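Worksheet for the structure shown next.
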Number of protein chains: 2
Amino acid sequence: MKYVVSLSGGMDSSTLIYDLLEKGNKVKAITFDYGQRHIKEINSAKDIALHAGIDHEVIDVSFLKALLPGSSLTDDKVAVPEGHYESESMKDTVVPNRNMIFTSILAAHALAIGYDGVALGIHAGDHAIYPDCRPEWAARVLAAVKVGNWEADEFQMITPFVDMSKTDICKRGLELGVPYELTTTCYNGGAEACGKCGSCQERLEAFRDSGAIDPISYESYLKQLLLS
Amino acid sequence: MKYVVSLSGGMDSSTLIYDLLEKGNKVKAITFDYGQRHIKEINSAKDIALHAGIDHEVIDVSFLKALLPGSSLTDDKVAVPEGHYESESMKDTVVPNRNMIFTSILAAHALAIGYDGVALGIHAGDHAIYPDCRPEWAARVLAAVKVGNWEADEFQMITPFVDMSKTDICKRGLELGVPYELTTTCYNGGAEACGKCGSCQERLEAFRDSGAIDPISYESYLKQLLLS
C-alpha cells in the first residue's frame, strides 16, 4: 500500500514511517511549516526523510496564524508561552480543529497522487488531551473523505499506534532502528533539548521506560540529573 | 447566531451572506486566495464584504498548488485549461478534497473566535458534479468537527441553499437586494465576463430564469446575443 504521512520531525511520525516501510508500504511524507519557530523540526524532518529514502514535501501553512484572534496584528511577535505544551498557557497559540485541517490536506495529496490513503501517528497517550487524536475522530474524518471525493470508497486512514503509549512507540522504534538522534522533540527549539518542557519530559520517560538512552543532547546538567 | 462563511466573490456565497444577515445573524467572511488568477474574485469579495458591512479576512492557501503532482515544478506556469470549469480538462487544476480543507479552516476560525458555526453555500445544482457539495458530506464533516474539538457539541454547519437551484438562489438574492453588480463569476477573469464559460452560462441562465437582467458587463457582442 501507499500512504501519505505527516512528518513533524518528532518521535511518533518518524517511527510511523519506519514502521510502514518495514511492513512493505511505500510512504510519502509531508511536513507542515508554521513559521520560523519550527525550523529545527523541519530540518529534522528533512534528515529523517533522507535517511528513510522517501519522498518529502514541506507545505507552508503559515495561514494558520491568521485563524487565531489578534494574531494578524501581533503576527510573529506573539511570545511563545513557557511551560508544558499541553497546558492552559499554550491555548492561545493552538488553532482549534488543526488536525482536521492537516488530515484534510494529507488526504487531498494522497488522492491527487493516487496513493491508497493516509497514515496517522495518533497514539493512546494523546487521547485524553486531544480529541482530534482519538479513533472516533479519525473514523469520522475518513467517512467525510470517502463521501466527499469520487472513487474514494477504498480510501484508507490507518492509525497503527492508536492503542500504543509513547513508550510502546519508542520500543517499536528502537526495534526498527529509527534514527532517533535525528529527531527533534523539545518545544523550545534550542541547539540542545531543554529537558524541562513537557515534550522533553515525555520523551525522556519513554526512553527510560524502554530501558534505553536517548541519543540526542540535553543541556548537560539536566542530562546528568535525569539520567542519574 | 454567528457564522463564518467562505466568500468567493461569486453569486452563491454573496447571496448566502445577505440571507444570513437578513435573518438576524452575525457573519464573518473568509476568502481563500489561491494565487493571482483570482485577484478579480478577491476584489469582488472585498467589495461585497464592505457593502454588507461585515468582517472579512483573506487567507493565503497557495499551498494548494503543492498538493497537485508536478505543480511544484511548473508552479504558476501551469496553463489554465480552456472550456467548461466542470469539464475533464479542468481536472488537473482541481485539488481533491478541497472543500474539506476549506471547511476545516472555516470551522477552525469559527471555534477560535467563539462563533456558533459555519454556513456553507452548497446548493442542489452542484450535487451531481461535486460530491463535497452534498448534504451527506456536510453532515460527516460536522460530525468530525464536533468529535475533534472540546466544547464543540453545539457547533453548527448550516446549508440554507442545499435544496435550491442556482435560479432559486438568484431569485432570493434579487429579493434581498444583493449587489450582484459587485460579484464575479467568469472563470476567465477578464475586465468583462466572457459569457462563454460554464460559469457565465450558468449565471446568465439563472438571471434569465429569474426574469431579471444581470447587471455585470459581458463582452458586448455576446451580451446582445444572449439577451436577444
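Ligands are numbered from 1 in the order shown, chains are lettered A, B, ... in the order of the C-alpha cells, and residues start at 1 in each chain.
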Practice task
From a DSSP calculation on the backbone, collect every residue of chain B in strand (DSSP E or B) and output the set as a ChimeraX atom specification.
Solution key: /B:2-6,26-33,55-60,117-119,156-158,193,218
Problem - Proximal residues of chain A relative to chain B (only C-alpha atoms; 6 Å) as a list in words - result: Asp60, Phe63, Leu67, Leu68, Pro96, Asn97, Ile101, Ser104, Ala108, His109, Ala112, Pro131, Asp132, Trp137, Arg140, Val141, Ala144, Val147, Gly148 and Asn149 of chain A
Output file for the residues above (C-alpha atoms, as a PDB file, in the first residue's frame):
```
ATOM      1  CA  ASP A  60       3.593  26.278   4.026  1.00  0.00           C
ATOM      2  CA  PHE A  63      -2.052  30.877   7.140  1.00  0.00           C
ATOM      3  CA  LEU A  67      -7.110  31.957  12.124  1.00  0.00           C
ATOM      4  CA  LEU A  68      -6.379  32.980  15.694  1.00  0.00           C
ATOM      5  CA  PRO A  96      -8.668  24.575  17.029  1.00  0.00           C
ATOM      6  CA  ASN A  97      -9.503  21.847  14.521  1.00  0.00           C
ATOM      7  CA  ILE A 101      -7.037  20.783   8.523  1.00  0.00           C
ATOM      8  CA  SER A 104      -7.676  17.014   5.006  1.00  0.00           C
ATOM      9  CA  ALA A 108      -6.029  15.690  -0.681  1.00  0.00           C
ATOM     10  CA  HIS A 109      -2.425  14.936  -1.583  1.00  0.00           C
ATOM     11  CA  ALA A 112      -4.018  13.705  -6.071  1.00  0.00           C
ATOM     12  CA  PRO A 131      -9.957  14.986  20.997  1.00  0.00           C
ATOM     13  CA  ASP A 132      -8.586  15.053  17.443  1.00  0.00           C
ATOM     14  CA  TRP A 137     -12.405  11.334  15.301  1.00  0.00           C
ATOM     15  CA  ARG A 140     -15.418  10.491  11.063  1.00  0.00           C
ATOM     16  CA  VAL A 141     -12.766  12.277   9.037  1.00  0.00           C
ATOM     17  CA  ALA A 144     -16.133  12.600   5.153  1.00  0.00           C
ATOM     18  CA  VAL A 147     -18.225  10.648   0.711  1.00  0.00           C
ATOM     19  CA  GLY A 148     -16.653  13.894  -0.464  1.00  0.00           C
ATOM     20  CA  ASN A 149     -14.483  12.551  -3.280  1.00  0.00           C
TER      21      ASN A 149
END
```
Handout entry: Neighbour list for A:Ala119 as a PyMOL selection string, cut-off 9 Å, only C-alpha atoms, skip fewer than 5 positions in-chain
Key = chain A and resi 3-6+16-17+20+156-160
Go ahead and write the residues just picked, C-alpha atoms, as a short mmCIF file (atom, residue, chain, number, x, y, z; two decimals), in the first residue's frame.
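Once everything was written out, this is part-v1.cif:
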```cif
data_model
loop_
_atom_site.label_atom_id
_atom_site.label_comp_id
_atom_site.auth_asym_id
_atom_site.auth_seq_id
_atom_site.Cartn_x
_atom_site.Cartn_y
_atom_site.Cartn_z
CA TYR A 3 0.43 6.12 2.33
CA VAL A 4 0.91 9.84 2.85
CA VAL A 5 2.19 10.66 6.33
CA SER A 6 2.66 13.88 8.26
CA LEU A 16 5.45 5.60 11.93
CA ILE A 17 7.42 5.97 8.71
CA LEU A 20 5.17 1.42 7.48
CA GLN A 156 -7.78 4.33 3.89
CA MET A 157 -6.90 6.12 7.07
CA ILE A 158 -4.72 3.90 9.19
CA THR A 159 -3.57 4.56 12.75
CA PRO A 160 -1.08 1.83 13.67
#
```
Exercise for the section: Would you kindly return, as a list of chain:residue names, each protein, DNA or RNA residue with an atom no farther than 9 Å from any atom of A:Met1, considering only C-alpha atoms and excluding same-chain residues fewer than 3 positions away? Expected result: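 Skipping anything fewer than 3 positions along the chain leaves A:Gly24, A:Asn25, A:Lys26, A:Val27, A:Tyr115, A:Asp116, A:Gly117.
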Handout entry: Nearest-residue call for B:Lys23, choices B:Leu176, B:Ala212, B:Ile39, B:Cys186, using only C-alpha atoms
Key = B:Leu176
Exercise for the section: Determine the nearest neighbour of B:Gly53 from the options B:Ser165, B:Lys28, B:Glu151, B:Gly173, counting only C-alpha atoms. Expected result: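 Among the listed residues, the smallest separation from B:Gly53 belongs to B:Lys28.
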